[in-house]
file final_19.cif (mmCIF, C-alpha atoms and all ligand atoms)
data_input
loop_
_atom_site.label_atom_id
_atom_site.label_comp_id
_atom_site.auth_asym_id
_atom_site.auth_seq_id
_atom_site.Cartn_x
_atom_site.Cartn_y
_atom_site.Cartn_z
CA MET X 1 0.00 0.00 0.00
CA LYS X 2 1.39 3.40 -1.03
CA VAL X 3 1.28 6.06 1.66
CA PRO X 4 2.06 9.61 0.49
CA PHE X 5 3.43 12.11 2.99
CA SER X 6 1.01 15.00 3.14
CA PRO X 7 -1.71 15.44 0.48
CA PRO X 8 -4.14 18.30 1.16
CA ARG X 9 -7.73 17.61 2.15
CA MET X 10 -10.03 18.40 -0.76
CA ASP X 11 -13.79 18.00 -0.98
CA GLN X 12 -16.93 19.39 -2.59
CA LYS X 13 -17.42 22.07 0.10
CA ILE X 14 -14.04 23.59 -0.76
CA VAL X 15 -14.69 23.32 -4.49
CA ASP X 16 -18.12 24.98 -4.10
CA GLU X 17 -16.74 27.88 -2.06
CA VAL X 18 -13.88 28.47 -4.51
CA VAL X 19 -16.25 28.28 -7.49
CA ASP X 20 -18.57 30.75 -5.76
CA THR X 21 -15.63 33.16 -5.50
CA LEU X 22 -14.58 32.58 -9.12
CA TRP X 23 -18.07 33.52 -10.36
CA SER X 24 -18.50 36.38 -7.87
CA GLY X 25 -16.66 38.93 -9.98
CA TRP X 26 -14.10 39.43 -7.17
CA ILE X 27 -11.11 37.06 -7.04
CA THR X 28 -8.32 39.10 -5.42
CA THR X 29 -8.34 40.50 -1.85
CA GLY X 30 -11.93 41.36 -1.01
CA PRO X 31 -14.92 40.34 1.11
CA LYS X 32 -13.89 36.72 1.63
CA THR X 33 -10.39 37.65 2.82
CA LYS X 34 -11.93 40.15 5.24
CA LYS X 35 -14.38 37.50 6.46
CA PHE X 36 -11.57 34.97 6.96
CA GLU X 37 -9.58 37.55 8.94
CA LYS X 38 -12.53 38.16 11.28
CA MET X 39 -13.05 34.42 11.73
CA LEU X 40 -9.37 33.94 12.63
CA THR X 41 -9.52 36.76 15.21
CA VAL X 42 -12.54 35.17 16.90
CA TYR X 43 -10.98 31.70 16.64
CA ALA X 44 -7.71 32.43 18.45
CA GLY X 45 -8.82 35.39 20.59
CA HIS X 46 -6.13 37.88 19.64
CA LYS X 47 -6.93 41.48 18.67
CA SER X 48 -6.74 41.74 14.88
CA THR X 49 -5.68 39.60 11.90
CA LEU X 50 -4.14 40.49 8.55
CA CYS X 51 -4.11 37.72 5.96
CA VAL X 52 -1.07 37.60 3.70
CA ASN X 53 0.28 35.38 0.92
CA SER X 54 2.65 33.33 3.13
CA ALA X 55 3.98 33.05 6.66
CA THR X 56 7.35 34.11 5.30
CA SER X 57 6.02 37.44 4.04
CA GLY X 58 4.09 37.88 7.30
CA LEU X 59 7.22 37.42 9.42
CA GLU X 60 9.23 39.74 7.21
CA ILE X 61 6.67 42.52 7.13
CA ILE X 62 6.56 42.51 10.94
CA LEU X 63 10.35 42.67 11.23
CA ARG X 64 10.30 45.64 8.84
CA TRP X 65 7.37 47.30 10.66
CA PHE X 66 9.34 47.00 13.92
CA GLY X 67 12.33 48.65 12.18
CA VAL X 68 14.71 45.68 12.24
CA GLY X 69 17.76 46.29 10.06
CA PRO X 70 21.56 46.27 9.86
CA GLY X 71 23.21 46.26 13.28
CA ASP X 72 20.24 44.53 14.94
CA GLU X 73 20.07 40.94 16.16
CA VAL X 74 17.12 38.57 16.04
CA ILE X 75 17.09 35.34 18.07
CA VAL X 76 15.69 32.24 16.40
CA PRO X 77 16.10 28.49 16.98
CA ALA X 78 18.73 26.68 14.90
CA TYR X 79 16.14 23.92 14.62
CA THR X 80 13.47 25.29 12.31
CA TYR X 81 12.62 25.74 8.65
CA ALA X 82 14.78 28.21 6.70
CA ALA X 83 11.93 30.74 6.39
CA SER X 84 12.15 31.65 10.11
CA ALA X 85 15.76 32.82 9.68
CA ASN X 86 15.83 33.89 6.01
CA VAL X 87 13.52 36.82 6.78
CA ILE X 88 16.09 38.15 9.26
CA VAL X 89 18.75 38.01 6.54
CA HIS X 90 16.39 39.82 4.12
CA CYS X 91 16.17 42.70 6.60
CA GLY X 92 19.96 42.95 6.87
CA ALA X 93 19.97 41.99 10.57
CA LYS X 94 22.10 39.33 12.26
CA VAL X 95 20.60 35.88 12.81
CA VAL X 96 21.37 34.68 16.34
CA PHE X 97 20.71 30.95 16.47
CA VAL X 98 20.06 29.24 19.79
CA ASP X 99 19.76 25.60 20.77
CA SER X 100 16.57 23.64 21.44
CA GLY X 101 15.19 21.59 24.28
CA ASN X 102 14.30 17.91 24.26
CA ASP X 103 10.77 18.85 23.12
CA PHE X 104 12.24 20.29 19.85
CA ASN X 105 11.33 23.85 20.83
CA ILE X 106 13.63 26.79 21.50
CA SER X 107 15.45 26.63 24.85
CA ILE X 108 14.48 29.64 26.97
CA GLU X 109 17.72 29.28 28.91
CA ALA X 110 19.66 29.56 25.65
CA VAL X 111 17.55 32.57 24.61
CA ALA X 112 18.32 34.35 27.89
CA LYS X 113 22.06 33.86 27.31
CA ALA X 114 21.86 35.13 23.71
CA ILE X 115 20.24 38.49 24.50
CA THR X 116 22.49 41.52 23.90
CA THR X 117 22.04 45.28 23.55
CA ARG X 118 21.38 44.67 19.83
CA THR X 119 18.54 42.16 20.27
CA LYS X 120 15.31 43.52 18.81
CA VAL X 121 13.13 40.46 18.27
CA ILE X 122 12.86 36.83 19.40
CA ILE X 123 11.19 34.39 16.99
CA PRO X 124 10.11 31.26 18.90
CA VAL X 125 8.80 28.47 16.64
CA ASP X 126 6.10 26.00 17.73
CA ILE X 127 7.83 23.02 16.16
CA GLY X 128 5.41 20.39 14.92
CA GLY X 129 2.54 22.41 16.43
CA TYR X 130 3.69 22.12 20.06
CA PRO X 131 3.63 25.50 21.85
CA CYS X 132 6.87 26.94 23.24
CA ASP X 133 7.17 28.01 26.89
CA TYR X 134 5.42 31.32 26.36
CA ASP X 135 5.07 32.37 30.00
CA GLU X 136 8.83 32.11 30.45
CA LEU X 137 9.52 33.97 27.21
CA ASN X 138 7.01 36.74 27.89
CA GLU X 139 8.40 37.15 31.41
CA LEU X 140 12.00 37.18 30.17
CA VAL X 141 11.55 40.18 27.85
CA ARG X 142 9.71 42.10 30.60
CA LYS X 143 12.47 41.62 33.22
CA GLU X 144 13.97 44.96 34.26
CA ASP X 145 17.58 43.93 33.54
CA VAL X 146 16.59 42.64 30.07
CA LYS X 147 14.58 45.80 29.33
CA LYS X 148 17.60 47.89 30.32
CA LEU X 149 19.62 46.18 27.58
CA PHE X 150 17.04 47.15 24.94
CA HIS X 151 18.10 50.13 22.79
CA ALA X 152 15.09 51.48 20.90
CA SER X 153 16.01 53.01 17.57
CA THR X 154 12.53 53.63 16.09
CA ASP X 155 9.31 55.10 17.46
CA THR X 156 7.65 51.68 17.40
CA GLN X 157 10.53 50.18 19.38
CA LYS X 158 10.31 53.07 21.86
CA GLU X 159 6.59 52.48 22.27
CA LEU X 160 7.12 48.80 23.11
CA GLY X 161 10.23 49.52 25.18
CA ARG X 162 11.43 45.93 25.05
CA ILE X 163 12.22 43.00 22.78
CA LEU X 164 9.29 41.98 20.54
CA ILE X 165 8.19 38.34 20.60
CA LEU X 166 7.16 37.33 17.10
CA SER X 167 5.88 33.79 17.28
CA ASP X 168 6.35 31.59 14.22
CA ALA X 169 3.17 29.51 14.48
CA ALA X 170 3.45 28.16 10.94
CA HIS X 171 2.59 24.73 12.40
CA SER X 172 0.46 25.56 15.38
CA ILE X 173 -2.94 27.03 14.55
CA GLY X 174 -5.28 25.35 17.03
CA ALA X 175 -2.55 24.55 19.57
CA VAL X 176 -3.36 25.51 23.16
CA TYR X 177 -1.12 26.81 25.94
CA LYS X 178 -2.62 27.28 29.42
CA GLY X 179 -6.11 27.57 27.97
CA LYS X 180 -5.22 30.09 25.25
CA LYS X 181 -4.81 29.42 21.56
CA ALA X 182 -1.67 30.00 19.50
CA GLY X 183 -2.25 33.44 18.02
CA SER X 184 -3.02 35.06 21.37
CA LEU X 185 0.02 33.87 23.32
CA THR X 186 2.38 36.73 22.67
CA ASP X 187 2.82 40.11 20.91
CA ILE X 188 2.46 38.97 17.32
CA THR X 189 1.99 35.50 15.84
CA VAL X 190 2.21 34.35 12.25
CA TYR X 191 0.39 31.29 10.84
CA SER X 192 1.15 29.47 7.60
CA PHE X 193 -1.58 28.11 5.35
CA HIS X 194 0.86 26.48 2.92
CA ALA X 195 -0.34 23.34 1.11
CA VAL X 196 1.07 20.89 3.68
CA LYS X 197 -0.20 22.73 6.75
CA ASN X 198 -3.12 21.62 8.96
CA LEU X 199 -5.26 24.44 7.62
CA THR X 200 -4.38 25.30 4.06
CA THR X 201 -5.32 27.99 1.55
CA ALA X 202 -2.86 26.45 -1.00
CA GLU X 203 -0.39 29.22 -0.11
CA GLY X 204 -1.06 31.86 2.50
CA GLY X 205 -0.51 33.09 5.99
CA ALA X 206 -1.92 35.36 8.66
CA ILE X 207 -0.49 37.91 11.05
CA CYS X 208 -2.24 37.80 14.45
CA LEU X 209 -1.83 41.12 16.23
CA ASN X 210 -1.98 41.03 20.00
CA LEU X 211 0.20 43.95 21.04
CA PRO X 212 -0.20 45.36 24.55
CA GLU X 213 -1.33 48.92 25.30
CA PRO X 214 -0.64 51.64 24.25
CA PHE X 215 -0.64 49.99 20.80
CA ASP X 216 -3.87 50.23 18.85
CA ASN X 217 -3.94 46.89 17.03
CA GLN X 218 -6.61 48.08 14.62
CA SER X 219 -4.51 50.99 13.38
CA ILE X 220 -1.50 48.68 13.09
CA TYR X 221 -3.70 46.39 11.00
CA ASP X 222 -4.51 49.38 8.73
CA LEU X 223 -0.84 50.24 8.43
CA LEU X 224 0.22 46.67 7.65
CA ASN X 225 -2.62 46.39 5.14
CA ILE X 226 -1.12 49.35 3.27
CA LYS X 227 2.41 47.95 3.64
CA SER X 228 1.31 44.63 2.18
CA LEU X 229 -0.15 46.35 -0.93
CA HIS X 230 2.50 48.62 -2.43
CA GLY X 231 2.04 51.29 0.24
CA GLN X 232 -1.26 52.17 -1.46
CA ASN X 233 -3.63 53.97 0.91
CA LYS X 234 -6.74 52.33 -0.65
CA ASP X 235 -7.05 48.68 -1.49
CA ALA X 236 -8.43 47.41 -4.80
CA LEU X 237 -11.95 46.94 -3.42
CA ALA X 238 -12.12 50.49 -1.99
CA LYS X 239 -10.79 51.96 -5.24
CA MET X 240 -13.57 50.25 -7.18
CA GLN X 241 -16.28 52.15 -5.31
CA ILE X 242 -17.86 54.82 -7.52
CA GLY X 243 -15.90 58.05 -7.47
CA ASN X 244 -13.23 56.61 -5.19
CA TRP X 245 -10.51 55.94 -7.77
CA LYS X 246 -7.89 58.38 -6.46
CA TYR X 247 -5.24 56.98 -4.17
CA ASP X 248 -1.83 57.80 -2.78
CA ILE X 249 1.36 55.77 -2.34
CA ILE X 250 2.55 56.59 1.15
CA GLU X 251 5.60 54.30 1.20
CA ALA X 252 7.40 51.77 -1.01
CA GLY X 253 5.31 48.84 0.22
CA TYR X 254 5.32 45.15 -0.64
CA LYS X 255 2.90 42.84 -2.47
CA ASN X 256 1.86 40.30 0.11
CA ASN X 257 -1.93 40.22 -0.03
CA MET X 258 -4.08 37.10 0.16
CA THR X 259 -6.67 36.53 -2.59
CA ASP X 260 -10.35 35.72 -2.06
CA ILE X 261 -9.77 32.42 -3.89
CA GLN X 262 -7.31 31.42 -1.15
CA ALA X 263 -9.54 32.79 1.61
CA SER X 264 -12.47 30.67 0.33
CA ILE X 265 -10.55 27.50 1.15
CA GLY X 266 -9.59 28.90 4.54
CA ILE X 267 -13.19 29.80 5.44
CA VAL X 268 -14.40 26.26 4.79
CA GLU X 269 -11.45 24.72 6.65
CA LEU X 270 -11.63 26.98 9.69
CA LYS X 271 -15.35 26.33 10.26
CA ARG X 272 -14.68 22.63 10.77
CA TYR X 273 -11.13 22.83 12.04
CA ASP X 274 -11.56 22.04 15.76
CA SER X 275 -14.43 19.61 15.46
CA ASP X 276 -13.11 17.65 12.50
CA MET X 277 -9.52 18.25 11.35
CA LEU X 278 -7.96 18.44 14.83
CA VAL X 279 -9.93 15.45 16.09
CA CYS X 280 -8.80 13.38 13.13
CA ARG X 281 -5.17 14.38 13.57
CA MET X 282 -5.33 13.67 17.31
CA GLN X 283 -6.55 10.15 16.60
CA ILE X 284 -3.61 9.57 14.27
CA PHE X 285 -1.14 10.82 16.90
CA ASP X 286 -2.74 8.58 19.52
CA LYS X 287 -2.61 5.55 17.28
CA TYR X 288 1.08 6.08 16.49
CA SER X 289 1.91 6.68 20.16
CA ASP X 290 -0.01 3.63 21.23
CA ALA X 291 1.84 1.43 18.71
CA PHE X 292 5.33 2.83 19.28
CA SER X 293 5.03 2.93 23.07
CA LYS X 294 5.51 -0.84 22.87
CA CYS X 295 8.90 -0.44 21.15
CA SER X 296 11.91 -0.05 23.44
CA TRP X 297 13.77 1.92 20.73
CA ALA X 298 11.12 4.61 20.32
CA ILE X 299 11.17 8.11 21.79
CA LEU X 300 7.61 9.40 21.49
CA PRO X 301 6.97 13.09 20.90
CA GLU X 302 5.49 15.07 23.78
CA TYR X 303 2.22 16.52 22.49
CA GLU X 304 -0.25 16.88 25.36
CA THR X 305 0.41 17.93 28.93
CA GLN X 306 -1.72 19.71 31.53
CA GLU X 307 -0.54 23.06 30.15
CA LYS X 308 0.05 22.43 26.47
CA CYS X 309 -1.72 20.78 23.60
CA THR X 310 -0.29 20.49 20.12
CA SER X 311 -2.08 21.20 16.87
CA TYR X 312 -1.03 17.67 15.83
CA HIS X 313 0.80 19.02 12.80
CA ILE X 314 3.62 16.50 12.39
CA TYR X 315 4.42 13.35 14.34
CA MET X 316 8.11 13.51 15.20
CA LEU X 317 9.29 10.06 16.22
CA ARG X 318 12.84 9.58 17.46
CA ILE X 319 14.87 6.38 17.55
CA LYS X 320 17.08 5.87 20.61
CA GLY X 321 20.85 5.67 20.26
CA ILE X 322 21.16 5.79 16.48
CA THR X 323 23.54 7.80 14.33
CA GLU X 324 22.49 10.18 11.58
CA GLU X 325 23.64 7.59 9.01
CA GLN X 326 21.50 4.88 10.64
CA ARG X 327 18.50 7.24 10.61
CA ASP X 328 19.03 7.86 6.90
CA ALA X 329 19.29 4.11 6.27
CA ILE X 330 16.02 3.54 8.19
CA ILE X 331 14.30 6.18 6.07
CA GLN X 332 15.57 4.50 2.90
CA LYS X 333 14.08 1.19 4.08
CA ILE X 334 10.75 2.84 4.97
CA PHE X 335 10.55 4.29 1.46
CA GLU X 336 11.16 0.77 0.07
CA HIS X 337 7.87 -0.16 1.79
CA GLU X 338 6.24 2.64 -0.28
CA VAL X 339 5.67 4.76 2.81
CA ALA X 340 6.74 8.41 2.54
CA VAL X 341 8.35 9.91 5.63
CA ASN X 342 10.39 13.05 6.17
CA VAL X 343 12.77 14.79 8.58
CA HIS X 344 11.77 17.97 10.43
CA PHE X 345 14.13 19.72 10.45
CA VAL X 346 17.64 19.78 9.13
CA PRO X 347 19.07 22.38 11.54
CA LEU X 348 19.98 25.54 9.64
CA PRO X 349 23.74 25.55 10.48
CA LEU X 350 24.02 22.33 8.43
CA PHE X 351 22.97 24.14 5.25
CA SER X 352 25.69 25.61 3.03
CA PHE X 353 24.29 29.16 3.23
CA TYR X 354 24.24 29.37 7.03
CA ASN X 355 27.39 27.29 7.40
CA GLY X 356 29.06 29.71 4.98
CA LEU X 357 28.08 32.58 7.28
CA GLY X 358 30.09 30.88 10.03
CA TYR X 359 27.37 29.10 12.07
CA ARG X 360 28.61 25.73 13.37
CA MET X 361 26.45 22.73 14.23
CA GLU X 362 28.61 21.91 17.29
CA ASP X 363 27.22 25.04 18.95
CA TYR X 364 23.68 23.57 18.96
CA PRO X 365 24.18 20.03 20.30
CA GLN X 366 20.56 19.33 21.34
CA ALA X 367 19.29 20.49 17.93
CA PHE X 368 21.69 18.06 16.25
CA GLN X 369 20.72 15.27 18.63
CA ASN X 370 17.01 15.85 17.92
CA TYR X 371 17.57 15.99 14.16
CA SER X 372 19.82 12.96 13.86
CA HIS X 373 17.33 10.69 15.66
CA GLU X 374 14.16 12.04 14.07
CA ILE X 375 11.77 10.63 11.47
CA THR X 376 8.51 12.47 10.68
CA LEU X 377 5.54 10.21 10.00
CA PRO X 378 2.57 11.04 7.76
CA VAL X 379 -0.39 12.81 9.43
CA TYR X 380 -3.30 14.04 7.32
CA TYR X 381 -7.05 14.00 7.05
CA ASP X 382 -7.34 11.19 4.50
CA LEU X 383 -4.90 8.84 6.23
CA THR X 384 -6.90 5.65 6.77
CA ASP X 385 -6.49 3.05 9.50
CA GLU X 386 -4.94 0.65 6.97
CA MET X 387 -2.47 3.31 5.90
CA MET X 388 -1.51 3.98 9.53
CA ASP X 389 -1.00 0.25 10.02
CA ALA X 390 1.23 0.23 6.92
CA VAL X 391 3.25 3.16 8.34
CA ILE X 392 3.66 1.46 11.73
CA LYS X 393 4.75 -1.82 10.10
CA ALA X 394 7.16 -0.13 7.69
CA VAL X 395 8.76 1.92 10.47
CA THR X 396 9.02 -0.98 12.92
CA THR X 397 10.54 -3.46 10.47
CA SER X 398 12.89 -0.85 9.02
CA VAL X 399 14.15 0.32 12.44
CA GLU X 400 14.58 -3.23 13.70
CA SER X 401 16.47 -4.31 10.57
CA ILE X 402 18.97 -1.46 10.96
CA ILE X 403 19.52 -1.56 14.69
CA ASN X 404 19.60 -5.39 14.63
CA LEU X 405 17.11 -6.17 17.37
C1 LIG X 501 8.52 26.73 10.91
C2 LIG X 501 8.13 27.39 9.63
N1 LIG X 501 8.12 28.72 9.55
C3 LIG X 501 7.75 29.36 8.42
C4 LIG X 501 7.37 28.64 7.30
C5 LIG X 501 7.02 29.39 6.06
O1 LIG X 501 5.68 29.23 5.70
P1 LIG X 501 5.15 29.75 4.30
O2 LIG X 501 5.44 28.68 3.30
O3 LIG X 501 3.70 29.97 4.49
O4 LIG X 501 5.88 30.99 3.99
C6 LIG X 501 7.36 27.26 7.33
C7 LIG X 501 6.96 26.49 6.15
O5 LIG X 501 7.01 25.30 6.07
C8 LIG X 501 7.75 26.60 8.52
O6 LIG X 501 7.78 25.27 8.61
#
call {"tool": "encode", "arguments": {"input": "final_19.cif", "output": "structure tokens"}}
result
Amino acid sequence: MKVPFSPPRMDQKIVDEVVDTLWSGWITTGPKTKKFEKMLTVYAGHKSTLCVNSATSGLEIILRWFGVGPGDEVIVPAYTYAASANVIVHCGAKVVFVDSGNDFNISIEAVAKAITTRTKVIIPVDIGGYPCDYDELNELVRKEDVKKLFHASTDTQKELGRILILSDAAHSIGAVYKGKKAGSLTDITVYSFHAVKNLTTAEGGAICLNLPEPFDNQSIYDLLNIKSLHGQNKDALAKMQIGNWKYDIIEAGYKNNMTDIQASIGIVELKRYDSDMLVCRMQIFDKYSDAFSKCSWAILPEYETQEKCTSYHIYMLRIKGITEEQRDAIIQKIFEHEVAVNVHFVPLPLFSFYNGLGYRMEDYPQAFQNYSHEITLPVYYDLTDEMMDAVIKAVTTSVESIINL
């Protein structure tokens, strides 16, 4: 039985909503994008949402809004997807990688040690959908000695008066930390709706604004809306109103807007996300954990505790005591069973670009340890019981053939 890694969920409801948009006469950013934004705000309980065309563009636009540039430092885990760090490079700031904990997420202890007078932003990443330790992070940036280190160089930075926490929640829409949903856990959060994500719009993302007073999140939404559309002070829909064609360009903005075609998919998916998609993914996680808990070589991912609940994005199994080469050999064997698996993530210092900038893997030992033992198993809506059984069998026989049990 062939098991692909992560096909998107597709059904008639999605097709109908997209077709409705296609025939509506409005296919770019318009009423459906605005509706999806409002739904997301209610869903996660933050203050305002701007939909964009990817998480990457959402992260970058926030770094630029906060005035991050040359001479500044941004802290990010070494263990993440390249997008989380590339945006820092785009802004001309210095990427400061830190190590992870055993739960794959950024180590708060390592973050505390990495803060300098140049630190402007911390980008924690909810790896696999599991929330980071947000209380500790939020407390850290509010500590008097840490605030004293903060040198504000723009009005926005002065207004905040401390390091900004910009959460990369590309994986974690629907995850819960101490009763609150990802999106409302810190200053600003960015979701991804890329094709392989739990909630997809084919490509897309959203910026969840949750800034403390004195910020007015609605006026920041308005500003970011302009920034994400060429710096144009009226969007396409407003310009189409009779007699309203004149507009101004108030800055050299970007082109990051979400289309109503994308938002249509998101609207259908979000309505049934908690009651259907998350339940289905939870059952897959539970089935894998149940099966692999019987294997002495398996390290199961932590995904539910009293305080935290994952969004069940990816199931990150680890195999005890193996080398990176053995892990690769196990993956090769699993593929021979026609089961597609993956690795999340190759830590960024291992890539030629970041290695070429001087980052060394030895400086992030827990990230390397997590990576070299990890195999990501398929989790998606249409994964049947038989397919899960095929995954469990392929993984078990492949691991046991390589580690000679
Ligand atoms: C952790 C993380 N951050 C950011 C992104 C970027 O998301 P997008 O493709 O929507 O830009 C991804 C994409 O896979 C990701 O895994």
call {"tool": "residues_around", "arguments": {"input": "final_19.cif", "residues": "range 160-168 of chain X", "least_positions_apart": "4", "cutoff": "8 Å", "atoms": "all atoms listed in the file", "output": "list of chain:residue names"}}
result
X:Leu59, X:Ser84, X:Thr119, X:Lys120, X:Val121, X:Ile122, X:Ile123, X:Pro124, X:Val125, X:Asp126, X:Asn138, X:Val141, X:Arg142, X:Val146, X:Lys147, X:Phe150, X:Ala152, X:Thr156, X:Thr186, X:Asp187, X:Ile188, X:Thr189, X:Val190, X:Tyr191
call {"tool": "write_last_selection", "arguments": {"input": "final_19.cif", "atoms": "C-alpha atoms", "output": "PDB file, in the coordinates of the input"}}
result
ATOM      1  CA  LEU X  59       7.220  37.420   9.420  1.00  0.00           C
ATOM      2  CA  SER X  84      12.150  31.650  10.110  1.00  0.00           C
ATOM      3  CA  THR X 119      18.540  42.160  20.270  1.00  0.00           C
ATOM      4  CA  LYS X 120      15.310  43.520  18.810  1.00  0.00           C
ATOM      5  CA  VAL X 121      13.130  40.460  18.270  1.00  0.00           C
ATOM      6  CA  ILE X 122      12.860  36.830  19.400  1.00  0.00           C
ATOM      7  CA  ILE X 123      11.190  34.390  16.990  1.00  0.00           C
ATOM      8  CA  PRO X 124      10.110  31.260  18.900  1.00  0.00           C
ATOM      9  CA  VAL X 125       8.800  28.470  16.640  1.00  0.00           C
ATOM     10  CA  ASP X 126       6.100  26.000  17.730  1.00  0.00           C
ATOM     11  CA  ASN X 138       7.010  36.740  27.890  1.00  0.00           C
ATOM     12  CA  VAL X 141      11.550  40.180  27.850  1.00  0.00           C
ATOM     13  CA  ARG X 142       9.710  42.100  30.600  1.00  0.00           C
ATOM     14  CA  VAL X 146      16.590  42.640  30.070  1.00  0.00           C
ATOM     15  CA  LYS X 147      14.580  45.800  29.330  1.00  0.00           C
ATOM     16  CA  PHE X 150      17.040  47.150  24.940  1.00  0.00           C
ATOM     17  CA  ALA X 152      15.090  51.480  20.900  1.00  0.00           C
ATOM     18  CA  THR X 156       7.650  51.680  17.400  1.00  0.00           C
ATOM     19  CA  THR X 186       2.380  36.730  22.670  1.00  0.00           C
ATOM     20  CA  ASP X 187       2.820  40.110  20.910  1.00  0.00           C
ATOM     21  CA  ILE X 188       2.460  38.970  17.320  1.00  0.00           C
ATOM     22  CA  THR X 189       1.990  35.500  15.840  1.00  0.00           C
ATOM     23  CA  VAL X 190       2.210  34.350  12.250  1.00  0.00           C
ATOM     24  CA  TYR X 191       0.390  31.290  10.840  1.00  0.00           C
TER      25      TYR X 191
END
call {"tool": "residues_near_ligand", "arguments": {"input": "final_19.cif", "ligand": "ligand LIG 501 (chain X)", "cutoff": "10 Å", "atoms": "only C-alpha atoms and all ligand atoms", "output": "number ranges by chain"}}
result
X: 52-60, 77, 79-87, 123-129, 167-172, 190-197, 200-206, 344-345
call {"tool": "atom_distance", "arguments": {"input": "final_19.cif", "atom1": "CA of Glu73 in chain X", "atom2": "CA of Lys94 in chain X"}}
result
4.7 Å
call {"tool": "residues_around", "arguments": {"input": "final_19.cif", "residues": "Ile108 in chain X", "least_positions_apart": "3", "cutoff": "10 Å", "atoms": "all atoms listed in the file", "output": "mmCIF file with C-alpha atoms, in the coordinates of the input"}}
result
data_model
loop_
_atom_site.group_PDB
_atom_site.id
_atom_site.type_symbol
_atom_site.label_atom_id
_atom_site.label_comp_id
_atom_site.auth_asym_id
_atom_site.auth_seq_id
_atom_site.Cartn_x
_atom_site.Cartn_y
_atom_site.Cartn_z
ATOM 1 C CA VAL X 98 20.060 29.240 19.790
ATOM 2 C CA ASP X 99 19.760 25.600 20.770
ATOM 3 C CA SER X 100 16.570 23.640 21.440
ATOM 4 C CA GLY X 101 15.190 21.590 24.280
ATOM 5 C CA ASN X 105 11.330 23.850 20.830
ATOM 6 C CA VAL X 111 17.550 32.570 24.610
ATOM 7 C CA ALA X 112 18.320 34.350 27.890
ATOM 8 C CA LYS X 113 22.060 33.860 27.310
ATOM 9 C CA ALA X 114 21.860 35.130 23.710
ATOM 10 C CA PRO X 124 10.110 31.260 18.900
ATOM 11 C CA CYS X 132 6.870 26.940 23.240
ATOM 12 C CA ASP X 133 7.170 28.010 26.890
ATOM 13 C CA TYR X 134 5.420 31.320 26.360
ATOM 14 C CA GLU X 136 8.830 32.110 30.450
ATOM 15 C CA LEU X 137 9.520 33.970 27.210
ATOM 16 C CA LEU X 140 12.000 37.180 30.170
#
call {"tool": "atom_distance", "arguments": {"input": "final_19.cif", "atom1": "CA of Gly243 in chain X", "atom2": "CA of Val19 in chain X"}}
result
29.8 Å
call {"tool": "residues_around", "arguments": {"input": "final_19.cif", "residues": "Gln369 in chain X", "least_positions_apart": "5", "cutoff": "9 Å", "atoms": "all atoms listed in the file", "output": "ChimeraX atom specification"}}
result
/X:102,324,364,374
call {"tool": "write_last_selection", "arguments": {"input": "final_19.cif", "atoms": "C-alpha atoms", "output": "tab-separated table (two decimals), keeping the file's coordinate frame"}}
result
chain	number	residue	atom	x	y	z
X	102	ASN	CA	14.30	17.91	24.26
X	324	GLU	CA	22.49	10.18	11.58
X	364	TYR	CA	23.68	23.57	18.96
X	374	GLU	CA	14.16	12.04	14.07
call {"tool": "atom_distance", "arguments": {"input": "final_19.cif", "atom1": "CA of Lys47 in chain X", "atom2": "CA of Lys34 in chain X"}}
result
14.4 Å
call {"tool": "residues_near_point", "arguments": {"input": "final_19.cif", "point": "(-5.1, 11.7, 6.2)", "cutoff": "10 Å", "atoms": "only C-alpha atoms", "output": "list in words"}}
result
Val3, Pro4, Phe5, Ser6, Pro7, Pro8, Arg9, Met277, Cys280, Arg281, Ile284, Pro378, Val379, Tyr380, Tyr381, Asp382, Leu383, Thr384, Asp385, Met387 and Met388 of chain X
call {"tool": "closest_residue", "arguments": {"input": "final_19.cif", "among": "X:Ser107, X:Ser264, X:Ser219, X:Thr310", "to": "Lys180 in chain X", "atoms": "only C-alpha atoms"}}
result
X:Thr310
call {"tool": "residues_around", "arguments": {"input": "final_19.cif", "residues": "Thr259 in chain X", "least_positions_apart": "2", "cutoff": "6 Å", "atoms": "all atoms listed in the file", "output": "list in words"}}
result
Thr28, Thr29, Ile261 and Gln262 of chain X
call {"tool": "closest_residue", "arguments": {"input": "final_19.cif", "among": "X:Ile319, X:Ile75, X:Thr116, X:Gln283", "to": "Phe97 in chain X", "atoms": "all atoms listed in the file"}}
result
X:Ile75
call {"tool": "axis_aligned_box", "arguments": {"input": "final_19.cif", "around": "range 221-239 of chain X", "padding_each_side": "4 Å", "output": "AutoDock Vina command-line options"}}
result
--center_x -4.8 --center_y 49.3 --center_z 2.9 --size_x 22.6 --size_y 17.3 --size_z 24.2
call {"tool": "residues_around", "arguments": {"input": "final_19.cif", "residues": "Ala329 in chain X", "least_positions_apart": "2", "cutoff": "12 Å", "atoms": "all atoms listed in the file", "output": "PyMOL selection string"}}
result
chain X and resi 322-327+331-336+372-373+375+395+398-403
call {"tool": "closest_residue", "arguments": {"input": "final_19.cif", "among": "X:Lys255, X:Lys393, X:Arg360, X:Lys178", "to": "Leu348 in chain X", "atoms": "all atoms listed in the file"}}
result
X:Arg360
